[in-house]
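Colleague: Structure file model32.cif, mmCIF, C-alpha atoms and all ligand atoms, is pasted below:
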```cif
data_target
#
loop_
_atom_site.group_PDB
_atom_site.id
_atom_site.type_symbol
_atom_site.label_atom_id
_atom_site.label_comp_id
_atom_site.auth_asym_id
_atom_site.auth_seq_id
_atom_site.Cartn_x
_atom_site.Cartn_y
_atom_site.Cartn_z
ATOM 1 C CA MET N 1 -6.332 69.735 -61.328
ATOM 2 C CA PRO N 2 -8.433 71.451 -64.025
ATOM 3 C CA SER N 3 -10.004 68.936 -66.384
ATOM 4 C CA GLY N 4 -8.891 70.824 -69.507
ATOM 5 C CA THR N 5 -12.123 70.023 -71.373
ATOM 6 C CA ALA N 6 -12.546 72.461 -74.313
ATOM 7 C CA ASN N 7 -16.262 73.200 -73.770
ATOM 8 C CA PRO N 8 -17.188 71.858 -70.371
ATOM 9 C CA ALA N 9 -20.882 71.462 -69.756
ATOM 10 C CA ILE N 10 -20.593 71.990 -65.999
ATOM 11 C CA THR N 11 -18.302 74.231 -63.958
ATOM 12 C CA LEU N 12 -17.585 72.913 -60.498
ATOM 13 C CA ARG N 13 -16.026 75.393 -58.058
ATOM 14 C CA VAL N 14 -14.128 74.499 -54.923
ATOM 15 C CA ILE N 15 -14.304 77.718 -52.918
ATOM 16 C CA GLY N 16 -12.122 78.348 -49.860
ATOM 17 C CA ILE N 17 -14.268 80.351 -47.400
ATOM 18 C CA GLY N 18 -11.676 80.974 -44.686
ATOM 19 C CA PRO N 19 -11.598 79.565 -41.155
ATOM 20 C CA GLY N 20 -15.052 80.662 -40.026
ATOM 21 C CA GLY N 21 -14.917 84.410 -39.447
ATOM 22 C CA PRO N 22 -17.487 86.387 -41.440
ATOM 23 C CA ARG N 23 -14.758 88.855 -42.499
ATOM 24 C CA GLN N 24 -12.162 86.225 -43.431
ATOM 25 C CA ILE N 25 -13.735 85.328 -46.754
ATOM 26 C CA THR N 26 -12.088 86.840 -49.865
ATOM 27 C CA LEU N 27 -13.713 89.009 -52.545
ATOM 28 C CA GLU N 28 -12.835 86.311 -55.095
ATOM 29 C CA ALA N 29 -14.732 83.729 -53.043
ATOM 30 C CA ILE N 30 -17.729 86.059 -52.715
ATOM 31 C CA ASP N 31 -17.799 86.555 -56.512
ATOM 32 C CA ALA N 32 -17.537 82.798 -57.059
ATOM 33 C CA ILE N 33 -20.468 82.189 -54.677
ATOM 34 C CA ALA N 34 -22.538 84.801 -56.499
ATOM 35 C CA ALA N 35 -21.847 83.076 -59.845
ATOM 36 C CA THR N 36 -22.949 79.597 -58.706
ATOM 37 C CA ASP N 37 -26.283 77.861 -59.351
ATOM 38 C CA VAL N 38 -26.079 74.865 -56.999
ATOM 39 C CA PHE N 39 -24.165 74.381 -53.741
ATOM 40 C CA PHE N 40 -23.325 70.867 -52.655
ATOM 41 C CA LEU N 41 -23.106 70.157 -48.946
ATOM 42 C CA LEU N 42 -21.740 66.926 -47.589
ATOM 43 C CA ASP N 43 -23.925 66.184 -44.584
ATOM 44 C CA LYS N 44 -21.659 65.130 -41.719
ATOM 45 C CA GLY N 45 -24.329 65.135 -39.030
ATOM 46 C CA SER N 46 -25.007 67.461 -36.124
ATOM 47 C CA ARG N 47 -21.413 67.260 -34.812
ATOM 48 C CA VAL N 48 -20.537 69.996 -37.270
ATOM 49 C CA ALA N 49 -23.825 71.880 -37.198
ATOM 50 C CA GLN N 50 -21.900 75.061 -36.375
ATOM 51 C CA LEU N 51 -19.837 74.693 -39.571
ATOM 52 C CA THR N 52 -22.989 74.230 -41.612
ATOM 53 C CA ALA N 53 -24.404 77.390 -40.017
ATOM 54 C CA VAL N 54 -21.355 79.412 -41.135
ATOM 55 C CA ARG N 55 -21.722 78.138 -44.704
ATOM 56 C CA GLN N 56 -25.442 78.925 -44.633
ATOM 57 C CA ASP N 57 -24.670 82.458 -43.473
ATOM 58 C CA PHE N 58 -22.338 82.982 -46.455
ATOM 59 C CA LEU N 59 -25.015 81.668 -48.831
ATOM 60 C CA ASP N 60 -27.636 83.991 -47.318
ATOM 61 C CA ARG N 61 -25.313 86.967 -47.758
ATOM 62 C CA TYR N 62 -23.667 86.266 -51.103
ATOM 63 C CA ALA N 63 -25.504 83.657 -53.203
ATOM 64 C CA ARG N 64 -27.815 84.877 -55.922
ATOM 65 C CA ASP N 65 -31.594 84.561 -55.788
ATOM 66 C CA GLY N 66 -32.776 81.196 -57.000
ATOM 67 C CA HIS N 67 -29.621 79.289 -56.038
ATOM 68 C CA ARG N 68 -30.177 75.717 -54.904
ATOM 69 C CA VAL N 69 -28.581 73.703 -52.107
ATOM 70 C CA VAL N 70 -28.195 69.960 -52.486
ATOM 71 C CA VAL N 71 -27.252 67.943 -49.415
ATOM 72 C CA ALA N 72 -25.472 64.696 -50.197
ATOM 73 C CA ALA N 73 -25.421 62.240 -47.286
ATOM 74 C CA ASP N 74 -21.818 61.560 -46.366
ATOM 75 C CA PRO N 75 -21.102 57.804 -46.569
ATOM 76 C CA PRO N 76 -20.115 56.244 -43.227
ATOM 77 C CA ARG N 77 -16.432 56.028 -42.373
ATOM 78 C CA ASP N 78 -14.469 53.684 -40.076
ATOM 79 C CA ARG N 79 -12.559 56.037 -37.724
ATOM 80 C CA GLU N 80 -10.323 53.287 -36.307
ATOM 81 C CA PRO N 81 -9.430 51.157 -39.331
ATOM 82 C CA ALA N 82 -6.620 48.589 -39.389
ATOM 83 C CA ASP N 83 -5.403 50.143 -42.653
ATOM 84 C CA TYR N 84 -5.964 53.916 -42.468
ATOM 85 C CA ALA N 85 -4.943 54.767 -46.076
ATOM 86 C CA ALA N 86 -7.062 51.944 -47.555
ATOM 87 C CA GLU N 87 -10.111 53.025 -45.542
ATOM 88 C CA VAL N 88 -9.713 56.663 -46.642
ATOM 89 C CA ARG N 89 -9.483 55.523 -50.303
ATOM 90 C CA ARG N 90 -12.620 53.370 -49.912
ATOM 91 C CA TRP N 91 -14.497 56.225 -48.269
ATOM 92 C CA HIS N 92 -13.435 58.687 -50.987
ATOM 93 C CA THR N 93 -14.755 56.347 -53.707
ATOM 94 C CA ALA N 94 -18.100 56.076 -51.889
ATOM 95 C CA ARG N 95 -18.215 59.891 -51.652
ATOM 96 C CA VAL N 96 -17.449 60.285 -55.358
ATOM 97 C CA ASP N 97 -20.321 57.901 -56.185
ATOM 98 C CA ALA N 98 -22.704 59.937 -54.001
ATOM 99 C CA LEU N 99 -21.556 63.228 -55.511
ATOM 100 C CA ALA N 100 -21.718 62.018 -59.112
ATOM 101 C CA ALA N 101 -25.355 61.064 -58.478
ATOM 102 C CA ALA N 102 -26.072 64.439 -56.820
ATOM 103 C CA ILE N 103 -24.470 66.369 -59.705
ATOM 104 C CA THR N 104 -26.204 64.540 -62.531
ATOM 105 C CA GLY N 105 -29.487 64.777 -60.626
ATOM 106 C CA SER N 106 -29.332 68.517 -59.972
ATOM 107 C CA LEU N 107 -27.237 70.358 -62.588
ATOM 108 C CA SER N 108 -28.180 71.019 -66.197
ATOM 109 C CA PRO N 109 -25.537 71.574 -68.914
ATOM 110 C CA GLY N 110 -24.205 75.134 -68.727
ATOM 111 C CA GLU N 111 -24.909 75.454 -64.982
ATOM 112 C CA SER N 112 -22.319 75.624 -62.241
ATOM 113 C CA GLY N 113 -21.988 73.943 -58.885
ATOM 114 C CA ALA N 114 -19.757 74.644 -55.890
ATOM 115 C CA PHE N 115 -18.405 73.269 -52.649
ATOM 116 C CA LEU N 116 -17.684 75.694 -49.824
ATOM 117 C CA VAL N 117 -14.475 74.488 -48.226
ATOM 118 C CA TRP N 118 -13.238 75.462 -44.767
ATOM 119 C CA GLY N 119 -10.029 77.529 -44.831
ATOM 120 C CA ASP N 120 -8.038 76.877 -47.999
ATOM 121 C CA PRO N 121 -8.822 73.890 -50.249
ATOM 122 C CA ALA N 122 -5.134 72.887 -50.452
ATOM 123 C CA LEU N 123 -4.733 71.960 -46.779
ATOM 124 C CA TYR N 124 -6.225 68.867 -45.163
ATOM 125 C CA ASP N 125 -9.328 68.890 -47.261
ATOM 126 C CA SER N 126 -10.226 66.211 -49.784
ATOM 127 C CA THR N 127 -12.674 68.122 -51.947
ATOM 128 C CA LEU N 128 -10.176 68.730 -54.781
ATOM 129 C CA ARG N 129 -9.285 65.025 -54.751
ATOM 130 C CA LEU N 130 -12.973 64.208 -55.061
ATOM 131 C CA THR N 131 -13.541 66.655 -57.916
ATOM 132 C CA ASP N 132 -10.422 65.305 -59.637
ATOM 133 C CA GLN N 133 -11.995 61.848 -59.549
ATOM 134 C CA LEU N 134 -15.313 63.271 -60.757
ATOM 135 C CA THR N 135 -13.676 64.753 -63.860
ATOM 136 C CA GLY N 136 -12.484 61.250 -64.777
ATOM 137 C CA ARG N 137 -15.975 59.740 -64.668
ATOM 138 C CA ALA N 138 -17.549 58.686 -67.950
ATOM 139 C CA GLY N 139 -20.617 60.765 -68.791
ATOM 140 C CA LEU N 140 -19.590 63.736 -66.614
ATOM 141 C CA ASP N 141 -18.287 66.764 -68.535
ATOM 142 C CA ILE N 142 -16.819 68.939 -65.789
ATOM 143 C CA GLU N 143 -14.300 71.776 -65.450
ATOM 144 C CA VAL N 144 -12.993 72.387 -61.935
ATOM 145 C CA GLU N 145 -12.065 75.844 -60.574
ATOM 146 C CA ALA N 146 -10.316 76.219 -57.202
ATOM 147 C CA ILE N 147 -10.602 79.497 -55.286
ATOM 148 C CA PRO N 148 -8.052 79.986 -52.478
ATOM 149 C CA GLY N 149 -9.105 80.842 -48.956
ATOM 150 C CA VAL N 150 -7.528 82.198 -45.781
ATOM 151 C CA THR N 151 -6.162 79.124 -44.043
ATOM 152 C CA SER N 152 -6.405 78.609 -40.283
ATOM 153 C CA ALA N 153 -2.571 78.617 -40.330
ATOM 154 C CA SER N 154 -2.490 82.260 -41.425
ATOM 155 C CA ALA N 155 -5.424 83.164 -39.147
ATOM 156 C CA LEU N 156 -3.338 81.755 -36.275
ATOM 157 C CA THR N 157 -0.091 83.589 -37.022
ATOM 158 C CA ALA N 158 -1.953 86.855 -37.701
ATOM 159 C CA ALA N 159 -3.945 86.563 -34.464
ATOM 160 C CA HIS N 160 -0.682 86.203 -32.539
ATOM 161 C CA GLY N 161 1.026 88.843 -34.697
ATOM 162 C CA ILE N 162 4.031 86.628 -35.450
ATOM 163 C CA VAL N 163 6.191 85.287 -38.255
ATOM 164 C CA ALA N 164 6.025 81.495 -38.251
ATOM 165 C CA HIS N 165 9.801 81.004 -38.449
ATOM 166 C CA ASP N 166 13.152 82.630 -37.833
ATOM 167 C CA ILE N 167 14.883 84.158 -40.862
ATOM 168 C CA GLY N 168 15.119 81.665 -43.728
ATOM 169 C CA GLU N 169 13.872 78.689 -41.709
ATOM 170 C CA PRO N 170 11.403 76.134 -43.082
ATOM 171 C CA VAL N 171 7.872 75.613 -41.748
ATOM 172 C CA VAL N 172 6.123 72.260 -41.807
ATOM 173 C CA ILE N 173 2.329 72.024 -41.760
ATOM 174 C CA THR N 174 1.365 68.715 -40.228
ATOM 175 C CA THR N 175 -1.199 66.873 -38.120
ATOM 176 C CA GLY N 176 -1.190 65.861 -34.468
ATOM 177 C CA ARG N 177 -0.884 62.230 -35.564
ATOM 178 C CA ARG N 178 2.482 62.927 -37.265
ATOM 179 C CA LEU N 179 3.958 65.522 -34.930
ATOM 180 C CA GLY N 180 7.601 64.768 -34.187
ATOM 181 C CA GLU N 181 8.314 62.903 -37.435
ATOM 182 C CA ASP N 182 11.463 64.666 -38.635
ATOM 183 C CA ASP N 183 9.552 67.912 -38.985
ATOM 184 C CA GLY N 184 12.091 70.670 -38.360
ATOM 185 C CA PRO N 185 12.089 73.677 -36.033
ATOM 186 C CA ASN N 186 8.630 75.147 -36.852
ATOM 187 C CA ARG N 187 5.500 73.030 -37.031
ATOM 188 C CA ILE N 188 1.947 74.243 -37.652
ATOM 189 C CA VAL N 189 -0.307 71.495 -36.371
ATOM 190 C CA MET N 190 -3.914 70.932 -37.460
ATOM 191 C CA LEU N 191 -6.403 68.155 -36.775
ATOM 192 C CA ASP N 192 -5.152 67.501 -33.270
ATOM 193 C CA SER N 193 -7.989 67.041 -30.785
ATOM 194 C CA HIS N 194 -5.553 65.258 -28.434
ATOM 195 C CA LEU N 195 -3.099 68.195 -28.311
ATOM 196 C CA ALA N 196 -0.140 65.968 -29.219
ATOM 197 C CA PHE N 197 2.369 68.655 -28.262
ATOM 198 C CA THR N 198 1.596 68.123 -24.572
ATOM 199 C CA SER N 199 3.513 64.848 -24.800
ATOM 200 C CA ALA N 200 5.597 65.231 -28.006
ATOM 201 C CA ALA N 201 7.170 68.665 -27.367
ATOM 202 C CA ALA N 202 10.004 69.581 -25.009
ATOM 203 C CA PRO N 203 9.085 71.841 -22.048
ATOM 204 C CA ASP N 204 11.259 74.651 -23.470
ATOM 205 C CA ASP N 205 9.592 74.596 -26.911
ATOM 206 C CA HIS N 206 7.300 77.545 -27.612
ATOM 207 C CA VAL N 207 3.653 77.055 -28.543
ATOM 208 C CA TYR N 208 1.238 79.555 -30.124
ATOM 209 C CA TRP N 209 -2.267 78.111 -29.890
ATOM 210 C CA GLY N 210 -5.557 79.410 -31.277
ATOM 211 C CA ALA N 211 -9.083 78.038 -31.155
ATOM 212 C CA ASN N 212 -12.230 79.006 -33.090
ATOM 213 C CA LEU N 213 -10.132 81.638 -34.830
ATOM 214 C CA GLY N 214 -11.925 84.495 -36.513
ATOM 215 C CA THR N 215 -15.133 83.905 -34.555
ATOM 216 C CA PRO N 216 -16.414 85.788 -31.497
ATOM 217 C CA GLU N 217 -15.307 82.819 -29.355
ATOM 218 C CA GLN N 218 -11.677 82.974 -30.486
ATOM 219 C CA VAL N 219 -9.200 81.979 -27.751
ATOM 220 C CA LEU N 220 -5.422 82.473 -27.921
ATOM 221 C CA ARG N 221 -2.630 81.252 -25.685
ATOM 222 C CA SER N 222 1.137 81.238 -26.107
ATOM 223 C CA GLY N 223 4.249 80.520 -24.102
ATOM 224 C CA ARG N 224 6.791 77.913 -23.084
ATOM 225 C CA VAL N 225 5.189 74.489 -23.399
ATOM 226 C CA GLY N 226 6.074 73.609 -19.825
ATOM 227 C CA ASP N 227 4.266 76.731 -18.616
ATOM 228 C CA VAL N 228 1.115 76.831 -20.768
ATOM 229 C CA ALA N 229 0.231 73.234 -21.795
ATOM 230 C CA ALA N 230 -2.126 72.605 -18.859
ATOM 231 C CA ASP N 231 -3.855 75.970 -19.354
ATOM 232 C CA ILE N 232 -4.400 75.221 -23.074
ATOM 233 C CA GLU N 233 -5.930 71.827 -22.225
ATOM 234 C CA ARG N 234 -8.296 73.508 -19.760
ATOM 235 C CA GLU N 235 -9.226 76.299 -22.203
ATOM 236 C CA ARG N 236 -9.933 73.807 -24.971
ATOM 237 C CA ALA N 237 -12.278 71.801 -22.719
ATOM 238 C CA ARG N 238 -13.992 74.999 -21.504
ATOM 239 C CA LEU N 239 -14.553 76.258 -25.032
ATOM 240 C CA ARG N 240 -16.082 72.957 -26.116
ATOM 241 C CA GLU N 241 -18.339 73.037 -23.075
ATOM 242 C CA ARG N 242 -19.402 76.633 -23.727
ATOM 243 C CA THR N 243 -19.874 76.679 -27.506
ATOM 244 C CA GLY N 244 -20.302 72.996 -28.400
ATOM 245 C CA TRP N 245 -17.443 72.959 -30.902
ATOM 246 C CA VAL N 246 -13.700 73.487 -30.970
ATOM 247 C CA MET N 247 -11.369 73.823 -33.917
ATOM 248 C CA ASP N 248 -7.831 74.598 -32.922
ATOM 249 C CA VAL N 249 -4.436 74.907 -34.521
ATOM 250 C CA TYR N 250 -1.010 75.693 -33.120
ATOM 251 C CA LEU N 251 2.504 76.646 -34.084
ATOM 252 C CA LEU N 252 5.204 74.775 -32.230
ATOM 253 C CA ARG N 253 8.681 76.254 -32.325
ATOM 254 C CA ARG N 254 11.546 74.076 -31.210
ATOM 255 C CA ALA N 255 13.861 75.462 -28.546
ATOM 256 C CA GLY N 256 17.557 75.215 -29.315
ATOM 257 C CA GLY N 257 17.065 74.997 -33.099
ATOM 258 C CA THR N 258 18.292 77.668 -35.478
ATOM 259 C CA GLY N 259 16.371 80.177 -33.379
ATOM 260 C CA ASP N 260 15.627 80.102 -29.666
ATOM 261 C CA GLY N 261 11.902 79.438 -29.836
ATOM 262 C CA SER N 262 10.971 83.093 -29.441
ATOM 263 C CA PRO N 263 9.304 85.080 -32.261
ATOM 264 C CA GLY N 264 11.673 85.621 -35.211
HETATM 265 C C1 LIG N 301 -10.035 69.458 -42.035
HETATM 266 S S1 LIG N 301 -8.825 70.631 -41.532
HETATM 267 C C2 LIG N 301 -9.089 71.861 -42.709
HETATM 268 C C3 LIG N 301 -8.041 72.936 -42.745
HETATM 269 C C4 LIG N 301 -8.436 74.072 -43.659
HETATM 270 N N1 LIG N 301 -8.489 73.646 -45.043
HETATM 271 C C5 LIG N 301 -7.534 75.288 -43.518
HETATM 272 O O1 LIG N 301 -6.953 75.750 -44.507
HETATM 273 O O2 LIG N 301 -7.429 75.795 -42.386
HETATM 274 C C6 LIG N 301 -9.580 71.230 -40.082
HETATM 275 C C7 LIG N 301 -8.525 71.767 -39.121
HETATM 276 O O3 LIG N 301 -8.230 73.104 -39.462
HETATM 277 C C8 LIG N 301 -7.978 73.848 -38.304
HETATM 278 N N2 LIG N 301 -8.964 74.940 -38.248
HETATM 279 C C9 LIG N 301 -9.883 75.233 -39.187
HETATM 280 N N3 LIG N 301 -10.596 76.317 -38.846
HETATM 281 C C10 LIG N 301 -10.116 76.746 -37.670
HETATM 282 C C11 LIG N 301 -10.427 77.837 -36.793
HETATM 283 N N4 LIG N 301 -11.391 78.704 -37.085
HETATM 284 N N5 LIG N 301 -9.708 77.959 -35.664
HETATM 285 C C12 LIG N 301 -8.721 77.103 -35.354
HETATM 286 N N6 LIG N 301 -8.389 76.055 -36.139
HETATM 287 C C13 LIG N 301 -9.074 75.869 -37.280
HETATM 288 C C14 LIG N 301 -8.064 72.888 -37.130
HETATM 289 O O4 LIG N 301 -6.775 72.383 -36.882
HETATM 290 C C15 LIG N 301 -8.947 71.807 -37.691
HETATM 291 O O5 LIG N 301 -8.717 70.583 -37.035
#
```
For the structure just supplied, provide its representation as structure tokens.
Ligand SMILES: C[S@@+](CC[C@H](N)C(=O)[O-])C[C@H]1O[C@@H](n2cnc3c(N)ncnc32)[C@H](O)[C@@H]1O
Modeller:
Amino acid sequence: MPSGTANPAITLRVIGIGPGGPRQITLEAIDAIAATDVFFLLDKGSRVAQLTAVRQDFLDRYARDGHRVVVAADPPRDREPADYAAEVRRWHTARVDALAAAITGSLSPGESGAFLVWGDPALYDSTLRLTDQLTGRAGLDIEVEAIPGVTSASALTAAHGIVAHDIGEPVVITTGRRLGEDDGPNRIVMLDSHLAFTSAAAPDDHVYWGANLGTPEQVLRSGRVGDVAADIERERARLRERTGWVMDVYLLRRAGGTGDGSPG
């Protein structure tokens, strides 16, 4: 949410850069990058080195001369906590502390900073929550601007050339962890390294799967779950082996719902 400060000293941009393809960044995002003085990177370690490389490529192409990059070490996080929501809240507070220190240490009044966010900032990304907390901090005079990006959900449906639903139907965007929770006939599933559909979906449901979308390593598969699930599991493992990273997303369409599971 914008801070609403009348004369903010610092502009902080949260820029959606699309799902990784060099041509899936918007002109608005490119302009926002060109207008920024300091880019903040949350260092998540080598596991996501490929993601850092994509961001670096965008900075090399679009950032202005003299821009600075500040890497803030990402505070450690318990991946298997007893209380998931409480652990996420604790981790977010630790991140806000680290970012507040990075911002005050690197930005002068009148300058602007930015975060380059994968896909669109509104979906399964906490950066806008963090900046919202930053605007509430005493001593920080910040205005936040969000720039939308192409989400992996739209990269997926475009790559398959499909509408995500039959006429007038709802679509739920969810995570593998929550798949199956009263989520209607069309589910777009992110953050699912375990491919939850292989056990949660019916064999006659239809899946449209895409991995590393928008990049030269993009892989697509689609079909009846009972026919293609094993192939998708194999492809996912192969891709990880070959490229060292996999990000995948899928649309799951329920058979026997309003539609018949085929493209609407
Ligand atoms: C932390 S979420 C961020 C989602 C992002 N904000 C968006 O709008 O796509 C990361 C998840 O997005 C999906 N994703 C992001 N980029 C992708 C890509 N290039 N190919 C396939 N899935 C991708 C995967 O489901 C991944 O687990």
Colleague: Counting all atoms listed in the file, what are the residues of chain N within 10 Å of ligand LIG 301 (chain N), and for each of them which pair of atoms is the nearest and at what distance in Å, to one decimal? Sort the table by chain and rising number, as JSON lines.
Modeller:
```
{"residue": "N:Gly16", "atom": "CA", "partner": "N:LIG301", "partner_atom": "N1", "distance": 7.6}
{"residue": "N:Ile17", "atom": "CA", "partner": "N:LIG301", "partner_atom": "O1", "distance": 9.1}
{"residue": "N:Gly18", "atom": "CA", "partner": "N:LIG301", "partner_atom": "O1", "distance": 7.0}
{"residue": "N:Pro19", "atom": "CA", "partner": "N:LIG301", "partner_atom": "N3", "distance": 4.1}
{"residue": "N:Gly20", "atom": "CA", "partner": "N:LIG301", "partner_atom": "N4", "distance": 5.1}
{"residue": "N:Gly21", "atom": "CA", "partner": "N:LIG301", "partner_atom": "N4", "distance": 7.1}
{"residue": "N:Gln24", "atom": "CA", "partner": "N:LIG301", "partner_atom": "N4", "distance": 9.9}
{"residue": "N:Leu51", "atom": "CA", "partner": "N:LIG301", "partner_atom": "N3", "distance": 9.4}
{"residue": "N:Val117", "atom": "CA", "partner": "N:LIG301", "partner_atom": "N1", "distance": 6.8}
{"residue": "N:Trp118", "atom": "CA", "partner": "N:LIG301", "partner_atom": "N1", "distance": 5.1}
{"residue": "N:Gly119", "atom": "CA", "partner": "N:LIG301", "partner_atom": "O1", "distance": 3.6}
{"residue": "N:Asp120", "atom": "CA", "partner": "N:LIG301", "partner_atom": "O1", "distance": 3.8}
{"residue": "N:Pro121", "atom": "CA", "partner": "N:LIG301", "partner_atom": "N1", "distance": 5.2}
{"residue": "N:Ala122", "atom": "CA", "partner": "N:LIG301", "partner_atom": "N1", "distance": 6.4}
{"residue": "N:Leu123", "atom": "CA", "partner": "N:LIG301", "partner_atom": "N1", "distance": 4.5}
{"residue": "N:Tyr124", "atom": "CA", "partner": "N:LIG301", "partner_atom": "S1", "distance": 4.8}
{"residue": "N:Asp125", "atom": "CA", "partner": "N:LIG301", "partner_atom": "C1", "distance": 5.3}
{"residue": "N:Ser126", "atom": "CA", "partner": "N:LIG301", "partner_atom": "C1", "distance": 8.4}
{"residue": "N:Thr127", "atom": "CA", "partner": "N:LIG301", "partner_atom": "N1", "distance": 9.8}
{"residue": "N:Pro148", "atom": "CA", "partner": "N:LIG301", "partner_atom": "O1", "distance": 9.1}
{"residue": "N:Gly149", "atom": "CA", "partner": "N:LIG301", "partner_atom": "O1", "distance": 7.1}
{"residue": "N:Val150", "atom": "CA", "partner": "N:LIG301", "partner_atom": "O1", "distance": 6.6}
{"residue": "N:Thr151", "atom": "CA", "partner": "N:LIG301", "partner_atom": "O1", "distance": 3.5}
{"residue": "N:Ser152", "atom": "CA", "partner": "N:LIG301", "partner_atom": "O2", "distance": 3.7}
{"residue": "N:Ala153", "atom": "CA", "partner": "N:LIG301", "partner_atom": "O2", "distance": 6.0}
{"residue": "N:Ser154", "atom": "CA", "partner": "N:LIG301", "partner_atom": "O2", "distance": 8.2}
{"residue": "N:Ala155", "atom": "CA", "partner": "N:LIG301", "partner_atom": "N5", "distance": 7.6}
{"residue": "N:Leu156", "atom": "CA", "partner": "N:LIG301", "partner_atom": "C12", "distance": 7.2}
{"residue": "N:Thr174", "atom": "CA", "partner": "N:LIG301", "partner_atom": "O4", "distance": 9.5}
{"residue": "N:Thr175", "atom": "CA", "partner": "N:LIG301", "partner_atom": "O4", "distance": 7.9}
{"residue": "N:Gly176", "atom": "CA", "partner": "N:LIG301", "partner_atom": "O4", "distance": 8.9}
{"residue": "N:Ile188", "atom": "CA", "partner": "N:LIG301", "partner_atom": "O4", "distance": 9.0}
{"residue": "N:Val189", "atom": "CA", "partner": "N:LIG301", "partner_atom": "O4", "distance": 6.5}
{"residue": "N:Met190", "atom": "CA", "partner": "N:LIG301", "partner_atom": "O4", "distance": 3.3}
{"residue": "N:Leu191", "atom": "CA", "partner": "N:LIG301", "partner_atom": "O5", "distance": 3.4}
{"residue": "N:Asp192", "atom": "CA", "partner": "N:LIG301", "partner_atom": "O5", "distance": 6.0}
{"residue": "N:Ser193", "atom": "CA", "partner": "N:LIG301", "partner_atom": "O5", "distance": 7.2}
{"residue": "N:Trp209", "atom": "CA", "partner": "N:LIG301", "partner_atom": "C12", "distance": 8.5}
{"residue": "N:Gly210", "atom": "CA", "partner": "N:LIG301", "partner_atom": "C12", "distance": 5.7}
{"residue": "N:Ala211", "atom": "CA", "partner": "N:LIG301", "partner_atom": "C12", "distance": 4.3}
{"residue": "N:Asn212", "atom": "CA", "partner": "N:LIG301", "partner_atom": "N5", "distance": 3.8}
{"residue": "N:Leu213", "atom": "CA", "partner": "N:LIG301", "partner_atom": "N5", "distance": 3.8}
{"residue": "N:Gly214", "atom": "CA", "partner": "N:LIG301", "partner_atom": "N4", "distance": 5.8}
{"residue": "N:Thr215", "atom": "CA", "partner": "N:LIG301", "partner_atom": "N4", "distance": 6.9}
{"residue": "N:Glu217", "atom": "CA", "partner": "N:LIG301", "partner_atom": "N4", "distance": 9.6}
{"residue": "N:Gln218", "atom": "CA", "partner": "N:LIG301", "partner_atom": "N5", "distance": 7.5}
{"residue": "N:Val219", "atom": "CA", "partner": "N:LIG301", "partner_atom": "N5", "distance": 8.9}
{"residue": "N:Leu220", "atom": "CA", "partner": "N:LIG301", "partner_atom": "C12", "distance": 9.7}
{"residue": "N:Val246", "atom": "CA", "partner": "N:LIG301", "partner_atom": "C12", "distance": 7.6}
{"residue": "N:Met247", "atom": "CA", "partner": "N:LIG301", "partner_atom": "N6", "distance": 4.3}
{"residue": "N:Asp248", "atom": "CA", "partner": "N:LIG301", "partner_atom": "N6", "distance": 3.6}
{"residue": "N:Val249", "atom": "CA", "partner": "N:LIG301", "partner_atom": "O4", "distance": 4.2}
{"residue": "N:Tyr250", "atom": "CA", "partner": "N:LIG301", "partner_atom": "O4", "distance": 7.6}
```
Colleague: Nearest residue to Arg13 of chain N out of N:Phe115, N:Tyr62, N:Trp245, N:Tyr208, using only C-alpha atoms?
Modeller: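 Under the stated criterion, the closest residue is N:Phe115.
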Colleague: Please work out which residues fall within 9 Å of (4.6, 77.0, -31.0), coordinates as given in the file, with only C-alpha atoms counting, and return them as a VMD selection string.
Modeller: chain N and resid 164 186 to 188 205 to 209 222 to 225 250 to 254 261 to 262
Colleague: Need to verify the contact set: segment 227-231 of chain N, 9 Å, all atoms listed in the file, exclusion of same-chain residues closer than 6 positions in sequence. Can you return it as a ChimeraX atom specification?
Modeller: /N:195,197-198,203-204,207,221
Colleague: How would you write, as a PyMOL selection string, the residues chosen by the PyMOL selection byres (((chain N and resi 30) around 10) and not hetatm) on this structure?
Modeller: chain N and resi 15-17+25-29+31-35+58-59+61-63
Colleague: Can you rebuild segment 222-228 of chain N with N, CA and C atoms and give it as a PDB file, in the coordinates of the input?
Modeller:
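The resulting out00.pdb:
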```
ATOM      1  N   SER N 222      -0.212  81.511 -25.620  1.00  0.00           N
ATOM      2  CA  SER N 222       1.137  81.238 -26.107  1.00  0.00           C
ATOM      3  C   SER N 222       2.102  81.228 -24.939  1.00  0.00           C
ATOM      4  N   GLY N 223       3.218  80.546 -25.140  1.00  0.00           N
ATOM      5  CA  GLY N 223       4.249  80.520 -24.102  1.00  0.00           C
ATOM      6  C   GLY N 223       5.091  79.266 -24.190  1.00  0.00           C
ATOM      7  N   ARG N 224       5.952  79.108 -23.213  1.00  0.00           N
ATOM      8  CA  ARG N 224       6.791  77.913 -23.084  1.00  0.00           C
ATOM      9  C   ARG N 224       5.864  76.729 -22.822  1.00  0.00           C
ATOM     10  N   VAL N 225       6.093  75.638 -23.533  1.00  0.00           N
ATOM     11  CA  VAL N 225       5.189  74.489 -23.399  1.00  0.00           C
ATOM     12  C   VAL N 225       5.023  74.078 -21.942  1.00  0.00           C
ATOM     13  N   GLY N 226       6.129  74.029 -21.231  1.00  0.00           N
ATOM     14  CA  GLY N 226       6.074  73.609 -19.825  1.00  0.00           C
ATOM     15  C   GLY N 226       5.203  74.522 -18.970  1.00  0.00           C
ATOM     16  N   ASP N 227       5.047  75.772 -19.397  1.00  0.00           N
ATOM     17  CA  ASP N 227       4.266  76.731 -18.616  1.00  0.00           C
ATOM     18  C   ASP N 227       2.788  76.770 -19.004  1.00  0.00           C
ATOM     19  N   VAL N 228       2.487  76.540 -20.300  1.00  0.00           N
ATOM     20  CA  VAL N 228       1.115  76.831 -20.768  1.00  0.00           C
ATOM     21  C   VAL N 228       0.300  75.596 -21.195  1.00  0.00           C
TER      22      VAL N 228
END
```
